[in-house]
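Structure file protein.txt with compact mmCIF, C-alpha atoms:
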```
# COMPACT_ATOMS: atom_id res chain seq x y z
CA MET A 1 114.58 -12.71 -41.35
CA ASP A 2 111.73 -13.85 -39.18
CA GLU A 3 108.47 -13.30 -41.04
CA GLN A 4 106.45 -13.55 -37.87
CA ASN A 5 108.03 -10.39 -36.51
CA ILE A 6 107.34 -8.10 -39.46
CA PRO A 7 104.23 -5.99 -38.88
CA ASP A 8 101.68 -6.44 -41.64
CA ILE A 9 101.59 -2.69 -42.23
CA VAL A 10 105.29 -2.87 -43.19
CA VAL A 11 104.66 -5.88 -45.44
CA SER A 12 101.89 -3.92 -47.15
CA ARG A 13 104.36 -1.21 -48.19
CA LEU A 14 107.01 -3.55 -49.66
CA PRO A 15 105.23 -4.17 -52.98
CA ARG A 16 105.04 -0.41 -53.49
CA TYR A 17 108.78 -0.08 -52.86
CA LEU A 18 109.38 -2.87 -55.34
CA GLN A 19 107.16 -1.21 -57.96
CA VAL A 20 108.97 2.13 -57.73
CA LEU A 21 112.41 0.48 -57.74
CA GLN A 22 111.56 -1.61 -60.81
CA ARG A 23 110.50 1.52 -62.63
CA MET A 24 113.80 3.25 -61.75
CA TYR A 25 115.70 0.16 -62.89
CA HIS A 26 113.93 0.13 -66.24
CA GLU A 27 114.92 3.79 -66.61
CA ASN A 28 118.56 2.67 -66.14
CA GLN A 29 118.98 4.20 -62.69
CA GLN A 30 121.57 2.35 -60.54
CA THR A 31 121.21 3.74 -57.02
CA THR A 32 118.62 5.57 -54.96
CA SER A 33 118.24 7.08 -51.51
CA SER A 34 115.59 6.85 -48.83
CA GLN A 35 114.88 10.54 -49.60
CA GLU A 36 114.16 9.82 -53.26
CA LEU A 37 112.01 6.79 -52.44
CA ALA A 38 110.16 8.88 -49.86
CA ARG A 39 109.39 11.57 -52.42
CA LYS A 40 108.13 9.07 -54.97
CA LEU A 41 106.02 7.17 -52.44
CA GLY A 42 104.65 9.99 -50.32
CA LEU A 43 106.26 8.55 -47.17
CA SER A 44 109.00 9.86 -44.88
CA ALA A 45 112.62 8.87 -45.51
CA ALA A 46 112.83 7.73 -41.88
CA GLN A 47 109.87 5.41 -42.41
CA ILE A 48 111.49 3.86 -45.46
CA ARG A 49 114.84 3.35 -43.70
CA LYS A 50 113.02 1.77 -40.76
CA ASP A 51 110.93 -0.52 -42.99
CA LEU A 52 113.92 -1.74 -44.98
CA SER A 53 116.05 -2.20 -41.85
CA GLN A 54 113.60 -4.90 -40.72
CA PHE A 55 115.05 -7.16 -43.37
CA GLY A 56 118.74 -6.45 -42.88
CA GLU A 57 121.29 -3.87 -43.94
CA PHE A 58 120.51 -2.88 -47.52
CA GLY A 59 122.08 0.57 -47.84
CA LYS A 60 125.40 2.10 -47.01
CA GLN A 61 125.51 5.43 -45.21
CA GLY A 62 126.24 8.13 -47.79
CA THR A 63 126.21 5.97 -50.92
CA GLY A 64 122.52 5.07 -50.99
CA TYR A 65 120.87 1.83 -52.01
CA SER A 66 121.79 -0.31 -55.00
CA ILE A 67 118.51 -0.54 -56.90
CA ARG A 68 119.26 -3.96 -58.40
CA PHE A 69 120.24 -5.40 -55.02
CA LEU A 70 117.15 -3.96 -53.34
CA ILE A 71 114.88 -5.36 -56.08
CA ASP A 72 116.43 -8.82 -55.68
CA GLN A 73 116.01 -8.69 -51.90
CA LEU A 74 112.42 -7.45 -52.04
CA GLN A 75 111.47 -10.05 -54.66
CA SER A 76 112.94 -12.75 -52.46
CA ILE A 77 111.21 -11.42 -49.31
CA LEU A 78 107.86 -11.16 -51.10
CA LYS A 79 108.46 -14.57 -52.74
CA VAL A 80 107.99 -13.16 -56.22
CA ASN A 81 111.46 -14.23 -57.39
CA HIS A 82 109.54 -17.06 -59.03
CA GLY A 83 106.20 -17.14 -60.85
CA TRP A 84 102.80 -17.90 -59.30
CA GLU A 85 99.86 -19.60 -60.97
CA MET A 86 96.38 -18.38 -60.18
CA ALA A 87 92.77 -19.45 -60.54
CA LEU A 88 90.17 -16.91 -61.63
CA VAL A 89 86.57 -17.58 -60.62
CA GLY A 90 83.93 -15.55 -62.45
CA ALA A 91 84.14 -14.86 -66.19
CA GLY A 92 81.76 -11.88 -66.29
CA ASP A 93 82.76 -8.39 -67.41
CA LEU A 94 85.35 -7.89 -64.71
CA GLY A 95 86.70 -11.44 -64.87
CA HIS A 96 87.03 -11.04 -68.61
CA ALA A 97 88.95 -7.79 -68.25
CA ILE A 98 91.23 -9.34 -65.64
CA ALA A 99 91.86 -12.45 -67.75
CA ARG A 100 92.88 -10.26 -70.67
CA TYR A 101 95.04 -7.88 -68.61
CA GLN A 102 98.72 -8.32 -69.49
CA GLY A 103 99.94 -6.82 -66.22
CA PHE A 104 99.65 -10.08 -64.29
CA SER A 105 101.90 -12.31 -66.37
CA ASN A 106 104.34 -9.42 -66.90
CA ARG A 107 104.83 -9.33 -63.15
CA GLY A 108 104.99 -13.05 -62.46
CA PHE A 109 101.33 -13.89 -61.86
CA CYS A 110 99.86 -16.23 -64.42
CA ILE A 111 96.18 -17.09 -64.66
CA ARG A 112 96.14 -20.85 -65.22
CA VAL A 113 92.45 -21.70 -64.91
CA ILE A 114 89.17 -19.78 -65.21
CA PHE A 115 85.86 -21.05 -63.80
CA ASP A 116 82.27 -19.99 -64.28
CA ASN A 117 78.86 -21.59 -63.74
CA ASP A 118 77.22 -20.02 -66.79
CA PRO A 119 76.77 -22.54 -69.66
CA GLU A 120 77.09 -19.59 -72.07
CA LYS A 121 80.61 -18.90 -70.77
CA ILE A 122 81.90 -22.43 -70.13
CA GLY A 123 84.04 -23.60 -73.03
CA LYS A 124 84.73 -20.09 -74.30
CA ASP A 125 88.33 -19.02 -74.76
CA ILE A 126 89.63 -15.95 -72.93
CA ASN A 127 93.20 -14.98 -73.72
CA GLY A 128 94.13 -18.59 -74.52
CA ILE A 129 92.39 -20.17 -71.51
CA THR A 130 89.19 -22.18 -71.84
CA VAL A 131 86.58 -21.26 -69.24
CA ASP A 132 85.98 -24.40 -67.16
CA ASP A 133 82.81 -25.51 -65.41
CA ILE A 134 82.88 -24.42 -61.77
CA SER A 135 81.91 -27.98 -60.83
CA HIS A 136 85.54 -28.92 -61.66
CA LEU A 137 86.95 -26.24 -59.33
CA GLU A 138 88.15 -28.46 -56.46
CA GLU A 139 89.59 -31.17 -58.69
CA ARG A 140 91.53 -28.89 -61.03
CA ILE A 141 92.91 -26.58 -58.34
CA LYS A 142 94.11 -29.57 -56.31
CA ASP A 143 95.62 -31.25 -59.37
CA LEU A 144 97.49 -28.12 -60.37
CA GLY A 145 98.50 -27.22 -56.80
CA ILE A 146 97.34 -23.63 -57.24
CA LYS A 147 97.50 -21.53 -54.06
CA ILE A 148 96.14 -18.13 -55.21
CA ALA A 149 92.68 -17.28 -56.54
CA MET A 150 91.00 -14.15 -57.81
CA LEU A 151 87.30 -13.93 -57.10
CA THR A 152 85.09 -11.95 -59.49
CA VAL A 153 81.74 -13.65 -58.91
CA PRO A 154 78.57 -11.71 -57.96
CA SER A 155 78.48 -10.71 -54.26
CA PRO A 156 75.81 -13.22 -53.17
CA ALA A 157 77.95 -16.11 -54.45
CA ALA A 158 81.29 -14.91 -53.09
CA GLN A 159 81.31 -16.52 -49.64
CA ALA A 160 80.27 -19.99 -50.84
CA VAL A 161 82.78 -19.97 -53.71
CA ALA A 162 85.53 -18.75 -51.36
CA GLU A 163 84.83 -21.67 -49.02
CA ARG A 164 85.14 -24.08 -51.94
CA LEU A 165 88.44 -22.47 -52.92
CA VAL A 166 89.79 -22.96 -49.40
CA GLN A 167 88.67 -26.61 -49.46
CA ALA A 168 90.58 -26.99 -52.72
CA GLY A 169 93.79 -25.75 -51.10
CA ILE A 170 93.73 -22.05 -51.99
CA GLN A 171 95.70 -20.04 -49.41
CA ALA A 172 95.31 -16.49 -50.75
CA ILE A 173 92.26 -14.82 -52.28
CA LEU A 174 92.09 -11.51 -54.09
CA ASN A 175 88.42 -10.68 -53.63
CA TYR A 176 86.75 -8.27 -56.08
CA ALA A 177 83.26 -8.90 -54.71
CA PRO A 178 82.26 -6.00 -52.46
CA VAL A 179 81.54 -8.25 -49.49
CA PRO A 180 83.94 -9.28 -46.72
CA LEU A 181 84.76 -12.99 -46.73
CA SER A 182 84.68 -14.99 -43.54
CA LEU A 183 87.33 -17.70 -43.84
CA PRO A 184 89.73 -19.61 -41.60
CA PRO A 185 92.51 -17.36 -40.25
CA GLN A 186 95.23 -19.17 -42.18
CA VAL A 187 93.75 -17.94 -45.48
CA TYR A 188 95.02 -14.55 -46.66
CA ILE A 189 92.43 -12.22 -48.15
CA GLN A 190 92.86 -8.91 -49.91
CA ASN A 191 89.80 -6.98 -51.03
CA ILE A 192 89.63 -4.69 -54.03
CA ASP A 193 86.63 -2.42 -53.73
CA PRO A 194 86.77 0.84 -55.68
CA ILE A 195 83.98 2.38 -53.57
CA ILE A 196 86.19 2.20 -50.47
CA HIS A 197 88.84 4.22 -52.32
CA LEU A 198 86.31 6.71 -53.68
CA GLN A 199 84.79 7.30 -50.24
CA HIS A 200 88.27 7.82 -48.81
CA MET A 201 88.77 10.67 -51.31
CA THR A 202 85.34 12.30 -51.01
CA PHE A 203 86.16 12.92 -47.33
CA TYR A 204 88.62 15.54 -48.56
CA LEU A 205 86.50 17.09 -51.32
CA GLU A 206 84.49 20.28 -50.95
CA MET B 1 84.93 18.10 -36.46
CA ASP B 2 88.14 19.50 -37.88
CA GLU B 3 89.06 17.48 -40.97
CA GLN B 4 92.63 18.69 -40.84
CA ASN B 5 93.23 16.88 -37.57
CA ILE B 6 92.04 13.42 -38.61
CA PRO B 7 94.97 11.22 -39.60
CA ASP B 8 94.60 9.83 -43.12
CA ILE B 9 95.02 6.29 -41.81
CA VAL B 10 91.85 6.78 -39.75
CA VAL B 11 90.00 8.25 -42.74
CA SER B 12 91.05 5.20 -44.77
CA ARG B 13 89.22 2.90 -42.32
CA LEU B 14 85.93 4.82 -42.25
CA PRO B 15 84.60 3.51 -45.59
CA ARG B 16 85.16 -0.03 -44.30
CA TYR B 17 83.20 0.74 -41.13
CA LEU B 18 80.42 2.16 -43.29
CA GLN B 19 80.39 -0.91 -45.52
CA VAL B 20 80.06 -3.33 -42.61
CA LEU B 21 77.42 -1.20 -40.88
CA GLN B 22 75.35 -0.93 -44.06
CA ARG B 23 75.40 -4.70 -44.39
CA MET B 24 74.23 -5.13 -40.78
CA TYR B 25 71.49 -2.56 -41.40
CA HIS B 26 70.24 -4.41 -44.48
CA GLU B 27 70.12 -7.54 -42.32
CA ASN B 28 67.80 -5.62 -39.96
CA GLN B 29 70.31 -5.30 -37.15
CA GLN B 30 69.73 -2.19 -34.99
CA THR B 31 72.78 -1.89 -32.73
CA THR B 32 76.37 -3.09 -32.68
CA SER B 33 79.42 -2.93 -30.44
CA SER B 34 83.05 -2.08 -31.02
CA GLN B 35 83.74 -5.77 -30.28
CA GLU B 36 81.45 -6.95 -33.07
CA LEU B 37 82.83 -4.39 -35.53
CA ALA B 38 86.35 -5.43 -34.55
CA ARG B 39 85.60 -9.07 -35.27
CA LYS B 40 84.08 -8.30 -38.66
CA LEU B 41 86.88 -5.96 -39.68
CA GLY B 42 89.91 -7.73 -38.26
CA LEU B 43 90.80 -4.74 -36.09
CA SER B 44 90.90 -4.29 -32.31
CA ALA B 45 87.84 -2.96 -30.48
CA ALA B 46 90.05 -0.29 -28.90
CA GLN B 47 91.14 0.86 -32.35
CA ILE B 48 87.55 1.19 -33.49
CA ARG B 49 86.48 3.11 -30.38
CA LYS B 50 89.47 5.42 -30.83
CA ASP B 51 88.76 5.99 -34.54
CA LEU B 52 85.09 6.77 -34.00
CA SER B 53 85.80 9.02 -31.01
CA GLN B 54 87.69 11.36 -33.37
CA PHE B 55 84.33 12.44 -34.75
CA GLY B 56 82.37 12.81 -31.53
CA GLU B 57 80.48 10.60 -29.14
CA PHE B 58 78.65 7.97 -31.15
CA GLY B 59 78.15 5.17 -28.67
CA LYS B 60 76.85 4.91 -25.14
CA GLN B 61 78.77 2.83 -22.62
CA GLY B 62 77.00 -0.48 -22.25
CA THR B 63 74.30 -0.04 -24.90
CA GLY B 64 76.52 -0.07 -27.98
CA TYR B 65 76.19 1.95 -31.16
CA SER B 66 72.98 2.65 -33.06
CA ILE B 67 73.75 1.33 -36.53
CA ARG B 68 71.44 3.77 -38.33
CA PHE B 69 72.90 6.74 -36.46
CA LEU B 70 76.46 5.61 -37.12
CA ILE B 71 75.72 5.13 -40.84
CA ASP B 72 74.24 8.63 -41.06
CA GLN B 73 77.23 10.14 -39.29
CA LEU B 74 79.79 8.26 -41.39
CA GLN B 75 78.00 9.13 -44.63
CA SER B 76 78.01 12.77 -43.61
CA ILE B 77 81.70 12.68 -42.59
CA LEU B 78 82.71 10.96 -45.83
CA LYS B 79 80.41 13.32 -47.80
CA VAL B 80 78.54 10.43 -49.35
CA ASN B 81 75.17 11.56 -47.98
CA HIS B 82 74.66 12.89 -51.52
CA GLY B 83 75.57 11.43 -54.90
CA TRP B 84 78.77 12.07 -56.85
CA GLU B 85 79.16 12.17 -60.62
CA MET B 86 82.30 10.74 -62.15
CA ALA B 87 84.21 10.74 -65.41
CA LEU B 88 85.70 7.49 -66.71
CA VAL B 89 88.68 7.77 -69.05
CA GLY B 90 89.56 4.65 -71.01
CA ALA B 91 86.88 2.39 -72.54
CA GLY B 92 89.03 -0.74 -72.94
CA ASP B 93 88.27 -4.07 -71.26
CA LEU B 94 88.60 -2.75 -67.73
CA GLY B 95 86.85 0.56 -68.44
CA HIS B 96 84.04 -1.41 -70.04
CA ALA B 97 83.68 -3.67 -67.00
CA ILE B 98 83.72 -0.65 -64.68
CA ALA B 99 81.14 1.22 -66.75
CA ARG B 100 78.82 -1.78 -66.58
CA TYR B 101 79.37 -2.45 -62.87
CA GLN B 102 76.20 -1.69 -60.90
CA GLY B 103 78.06 -1.28 -57.61
CA PHE B 104 78.94 2.36 -58.27
CA SER B 105 75.48 3.84 -58.78
CA ASN B 106 74.10 1.61 -56.00
CA ARG B 107 76.46 3.30 -53.61
CA GLY B 108 76.06 6.89 -54.81
CA PHE B 109 78.76 7.13 -57.47
CA CYS B 110 77.41 7.71 -60.95
CA ILE B 111 79.51 7.56 -64.11
CA ARG B 112 78.33 10.56 -66.12
CA VAL B 113 80.83 10.66 -69.00
CA ILE B 114 83.20 8.16 -70.63
CA PHE B 115 86.12 9.20 -72.83
CA ASP B 116 88.41 7.32 -75.18
CA ASN B 117 90.71 8.25 -78.04
CA ASP B 118 89.96 5.16 -80.15
CA PRO B 119 87.68 5.96 -83.13
CA GLU B 120 86.35 2.39 -82.85
CA LYS B 121 85.09 3.10 -79.33
CA ILE B 122 83.95 6.73 -79.65
CA GLY B 123 80.19 6.90 -80.18
CA LYS B 124 79.57 3.41 -78.79
CA ASP B 125 77.07 3.02 -75.97
CA ILE B 126 78.15 1.45 -72.66
CA ASN B 127 75.42 1.02 -70.09
CA GLY B 128 73.48 3.98 -71.50
CA ILE B 129 76.44 6.33 -71.85
CA THR B 130 77.92 7.25 -75.23
CA VAL B 131 81.71 7.10 -75.29
CA ASP B 132 82.93 10.62 -76.04
CA ASP B 133 86.07 11.71 -77.88
CA ILE B 134 88.85 12.42 -75.39
CA SER B 135 89.43 15.73 -77.18
CA HIS B 136 86.23 16.93 -75.45
CA LEU B 137 87.53 15.95 -72.00
CA GLU B 138 88.32 19.42 -70.61
CA GLU B 139 85.20 21.07 -71.99
CA ARG B 140 82.71 18.45 -70.80
CA ILE B 141 84.19 17.95 -67.34
CA LYS B 142 84.25 21.70 -66.76
CA ASP B 143 80.69 22.12 -68.06
CA LEU B 144 79.40 19.34 -65.83
CA GLY B 145 81.46 20.39 -62.81
CA ILE B 146 82.66 16.82 -62.27
CA LYS B 147 85.28 16.46 -59.51
CA ILE B 148 86.08 12.72 -59.56
CA ALA B 149 87.61 10.64 -62.37
CA MET B 150 88.49 6.99 -62.84
CA LEU B 151 91.50 6.35 -65.03
CA THR B 152 91.66 3.09 -67.00
CA VAL B 153 93.95 4.12 -69.84
CA PRO B 154 97.15 2.21 -70.73
CA SER B 155 100.06 2.99 -68.40
CA PRO B 156 102.09 5.09 -70.87
CA ALA B 157 99.13 7.47 -71.30
CA ALA B 158 98.14 7.74 -67.63
CA GLN B 159 100.27 10.70 -66.51
CA ALA B 160 99.36 12.94 -69.46
CA VAL B 161 95.64 12.16 -69.18
CA ALA B 162 95.76 12.73 -65.41
CA GLU B 163 97.29 16.17 -65.97
CA ARG B 164 94.48 17.03 -68.39
CA LEU B 165 91.91 15.88 -65.82
CA VAL B 166 93.44 18.18 -63.21
CA GLN B 167 93.36 21.08 -65.68
CA ALA B 168 89.68 20.35 -66.22
CA GLY B 169 88.98 20.68 -62.49
CA ILE B 170 89.16 17.06 -61.34
CA GLN B 171 90.13 16.88 -57.66
CA ALA B 172 90.17 13.12 -57.04
CA ILE B 173 91.46 10.34 -59.30
CA LEU B 174 90.98 6.61 -58.89
CA ASN B 175 93.92 5.31 -60.90
CA TYR B 176 93.79 1.78 -62.31
CA ALA B 177 96.96 2.22 -64.38
CA PRO B 178 99.85 0.49 -62.60
CA VAL B 179 101.98 3.65 -62.55
CA PRO B 180 102.15 6.28 -59.81
CA LEU B 181 100.80 9.66 -60.91
CA SER B 182 102.73 12.82 -60.16
CA LEU B 183 100.16 15.59 -59.65
CA PRO B 184 99.78 18.78 -57.58
CA PRO B 185 99.38 18.01 -53.86
CA GLN B 186 95.79 19.30 -53.74
CA VAL B 187 94.68 16.43 -56.02
CA TYR B 188 93.71 13.21 -54.20
CA ILE B 189 94.86 9.99 -55.80
CA GLN B 190 94.01 6.40 -54.93
CA ASN B 191 95.65 3.59 -56.86
CA ILE B 192 94.10 0.20 -57.55
CA ASP B 193 96.80 -2.27 -58.52
CA PRO B 194 96.00 -5.95 -58.00
CA ILE B 195 99.68 -6.92 -58.17
CA ILE B 196 100.39 -4.90 -55.02
CA HIS B 197 97.72 -6.93 -53.20
CA LEU B 198 98.95 -10.23 -54.62
CA GLN B 199 102.56 -9.52 -53.60
CA HIS B 200 101.37 -8.59 -50.13
CA MET B 201 99.85 -12.08 -49.80
CA THR B 202 102.68 -14.08 -51.37
CA PHE B 203 104.89 -12.80 -48.54
CA TYR B 204 102.94 -15.11 -46.25
CA LEU B 205 102.67 -18.14 -48.56
CA GLU B 206 104.93 -21.16 -48.35
```

Could you express the structure from this file as structure tokens?
Amino acid sequence: MDEQNIPDIVVSRLPRYLQVLQRMYHENQQTTSSQELARKLGLSAAQIRKDLSQFGEFGKQGTGYSIRFLIDQLQSILKVNHGWEMALVGAGDLGHAIARYQGFSNRGFCIRVIFDNDPEKIGKDINGITVDDISHLEERIKDLGIKIAMLTVPSPAAQAVAERLVQAGIQAILNYAPVPLSLPPQVYIQNIDPIIHLQHMTFYLE
Amino acid sequence: MDEQNIPDIVVSRLPRYLQVLQRMYHENQQTTSSQELARKLGLSAAQIRKDLSQFGEFGKQGTGYSIRFLIDQLQSILKVNHGWEMALVGAGDLGHAIARYQGFSNRGFCIRVIFDNDPEKIGKDINGITVDDISHLEERIKDLGIKIAMLTVPSPAAQAVAERLVQAGIQAILNYAPVPLSLPPQVYIQNIDPIIHLQHMTFYLE
């Protein structure tokens, strides 16, 4: 597989395939079809066959896909066949909720360090992790070799903190602040902004 | 404009255009170009011109787009030129953080009711709203005519609660539970799952 040749729009769908397949697997299902995946994902079967064909021959004509095999392949492609450690910056309400959310470690993403600049929050324990002073951000992230950060600081602080994260070696940022980050092109950014999703839906409402 | 003819992928980009334009406007910028928007959004200028042309002629060749005019048009298209009331179901850590987040009301989305089934949470005040017993869900949503709900209940409860929301007249659900909802096709669903975004980025990491 040559990563460079996979369109990002295809990459963006792979985690959703993996999620649906893992659910089937936990319900003891052994095989699936592009038709079934299409129904569950709201995509066309042709689209799914085309997406998966980018990575090799996963299914056999007529017998469908082995769910276990497809999960293994997708985990390997997405590099989630091993765990990832993450830094969380911002221990406010949202940061707190994220730090306590079990869904990360369940799915291979482990929050290793939490930073804040608020003396009231520094030193507090959240889900077994002591909130560290943001002045230690560069040192600790470098020492631990962490590559992924989640950013839950207030919007006005987001850009400056993101730049510090990149300096510290962070390569991927999940940004919860509702501002776009301007960072070097080699840094991957995903934004989570509920308003964007809400406005997408209101388009269709009466 | 005929809504039916706008591809959903185009609709999905409009809130991002609006977000960037609103930021420019607050920075006292008057006009912009498809090139500038493209740079800020990581899209091609041709894509942006094509998307905006779906809704009529917004820009003049050579003089660029009026930011204020474009904001007004996009707000009208996305139906966010007026406020929306929302129901929040699930007053756990994440629901709490969402209820206290100022970014919703700032951008025209107002949480009007919060429901939970936990006697410890019912009756508590979050950001000026009293958490109501989930047994009142149908009655209150119908009475208030609320059309949008945010779902922050534990995964095993999500599908059943979503079905109750639809029965109560909810037409759009922002689902934070990491499970896909199976609902009638006339109900709009957007899912917020940070793992999907993280796995999208790990694809590109070393």

(message) Quick one: residues within 7 Å of His200 (chain A), only C-alpha atoms, excluding same-chain residues fewer than 5 positions away - as a VMD selection string?
(response) chain B and resid 11 to 12 15

(request) Find the residue from B:Gln159, B:Gln47, B:Asn191, B:Ser66 that sits nearest to chain A; use all atoms listed in the file when measuring. (result) B:Asn191

(message) Within 10 Å of (91.8, 21.4, -67.0) in the file's own coordinates, which protein, DNA or RNA residues have an atom, counting only C-alpha atoms? List them as a list in words.
(response) Leu137, Glu138, Glu139, Ile141, Lys142, Ala162, Glu163, Arg164, Leu165, Val166, Gln167, Ala168, Gly169 and Ile170 of chain B

Do a neighbour search on Ser155 (chain A) at 7 Å with all atoms listed in the file, toss out local chain neighbours closer than 6 positions, and write the hits as a compact mmCIF listing (two decimals) with C-alpha atoms, in the frame of the given file.
```txt
# COMPACT_ATOMS: atom_id res chain seq x y z
CA ALA A 177 83.26 -8.90 -54.71
CA PRO A 178 82.26 -6.00 -52.46
CA VAL A 179 81.54 -8.25 -49.49
```

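Candidate residues A:Ile111, A:Ala46, A:Val80, A:Val89 were compared for distance to chain B, and the nearest is A:Val80, using all atoms listed in the file.
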
If we count only C-alpha atoms and set the cut-off at 12 Å, which residues sit around Thr130 (chain B), ignoring sequence neighbours fewer than 2 positions away in its own chain? Please answer as a compact mmCIF listing (two decimals) with C-alpha atoms, keeping the file's coordinate frame.
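around_22.txt, written as the output of this step:
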```txt
# COMPACT_ATOMS: atom_id res chain seq x y z
CA LEU B 88 85.70 7.49 -66.71
CA ALA B 91 86.88 2.39 -72.54
CA HIS B 96 84.04 -1.41 -70.04
CA ALA B 99 81.14 1.22 -66.75
CA ILE B 111 79.51 7.56 -64.11
CA ARG B 112 78.33 10.56 -66.12
CA VAL B 113 80.83 10.66 -69.00
CA ILE B 114 83.20 8.16 -70.63
CA PHE B 115 86.12 9.20 -72.83
CA ASP B 116 88.41 7.32 -75.18
CA LYS B 121 85.09 3.10 -79.33
CA ILE B 122 83.95 6.73 -79.65
CA GLY B 123 80.19 6.90 -80.18
CA LYS B 124 79.57 3.41 -78.79
CA ASP B 125 77.07 3.02 -75.97
CA ILE B 126 78.15 1.45 -72.66
CA ASN B 127 75.42 1.02 -70.09
CA GLY B 128 73.48 3.98 -71.50
CA ASP B 132 82.93 10.62 -76.04
CA ASP B 133 86.07 11.71 -77.88
```

Counting all atoms listed in the file, which residues of chain B come no farther than 8 Å from chain A, as a tab-separated table (two decimals) with C-alpha atoms, in the frame of the given file?
```tsv
chain	number	residue	atom	x	y	z
B	3	GLU	CA	89.06	17.48	-40.97
B	11	VAL	CA	90.00	8.25	-42.74
B	12	SER	CA	91.05	5.20	-44.77
B	14	LEU	CA	85.93	4.82	-42.25
B	15	PRO	CA	84.60	3.51	-45.59
B	16	ARG	CA	85.16	-0.03	-44.30
B	77	ILE	CA	81.70	12.68	-42.59
B	78	LEU	CA	82.71	10.96	-45.83
B	79	LYS	CA	80.41	13.32	-47.80
B	80	VAL	CA	78.54	10.43	-49.35
B	93	ASP	CA	88.27	-4.07	-71.26
B	94	LEU	CA	88.60	-2.75	-67.73
B	96	HIS	CA	84.04	-1.41	-70.04
B	97	ALA	CA	83.68	-3.67	-67.00
B	98	ILE	CA	83.72	-0.65	-64.68
B	100	ARG	CA	78.82	-1.78	-66.58
B	104	PHE	CA	78.94	2.36	-58.27
B	107	ARG	CA	76.46	3.30	-53.61
B	171	GLN	CA	90.13	16.88	-57.66
B	172	ALA	CA	90.17	13.12	-57.04
B	174	LEU	CA	90.98	6.61	-58.89
B	188	TYR	CA	93.71	13.21	-54.20
B	189	ILE	CA	94.86	9.99	-55.80
B	190	GLN	CA	94.01	6.40	-54.93
B	192	ILE	CA	94.10	0.20	-57.55
B	194	PRO	CA	96.00	-5.95	-58.00
B	195	ILE	CA	99.68	-6.92	-58.17
B	196	ILE	CA	100.39	-4.90	-55.02
B	197	HIS	CA	97.72	-6.93	-53.20
B	198	LEU	CA	98.95	-10.23	-54.62
B	199	GLN	CA	102.56	-9.52	-53.60
B	200	HIS	CA	101.37	-8.59	-50.13
B	201	MET	CA	99.85	-12.08	-49.80
B	202	THR	CA	102.68	-14.08	-51.37
B	203	PHE	CA	104.89	-12.80	-48.54
B	204	TYR	CA	102.94	-15.11	-46.25
B	205	LEU	CA	102.67	-18.14	-48.56
```

(message) List the spatial neighbours of Gly64 (chain B) as an NGL selection string - criterion: any atom at most 12 Å away, all atoms listed in the file, same-chain residues fewer than 4 positions off excluded.
(response) :B and (30-37 or 45 or 49 or 57-60 or 69-70)

(message) Let me make sure I understand: among B:Lys50, B:His26, B:Arg68, B:His136, which one has the smallest atom-to-atom distance to Pro7 (chain B) if we use all atoms listed in the file?
(response) B:Lys50

(message) Report, in Å with one decimal, the straight-line distance from CA of Ile134 (chain B) to CA of Asn117 (chain B).
(response)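 That distance, rounded to one decimal, is 5.3 Å.
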
(request) Take CA of Leu151 (chain A) and CA of Gln102 (chain B) and report the distance between them in Å, one decimal. (result)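 Going from CA of Leu151 (chain A) over to CA of Gln102 (chain B) covers 17.0 Å.
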
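Restricting the calculation to only C-alpha atoms, the smallest distance between Ser105 (chain A) and any of A:Gly90, A:Gly83, A:Gly56, A:Pro119 is found for A:Gly83.
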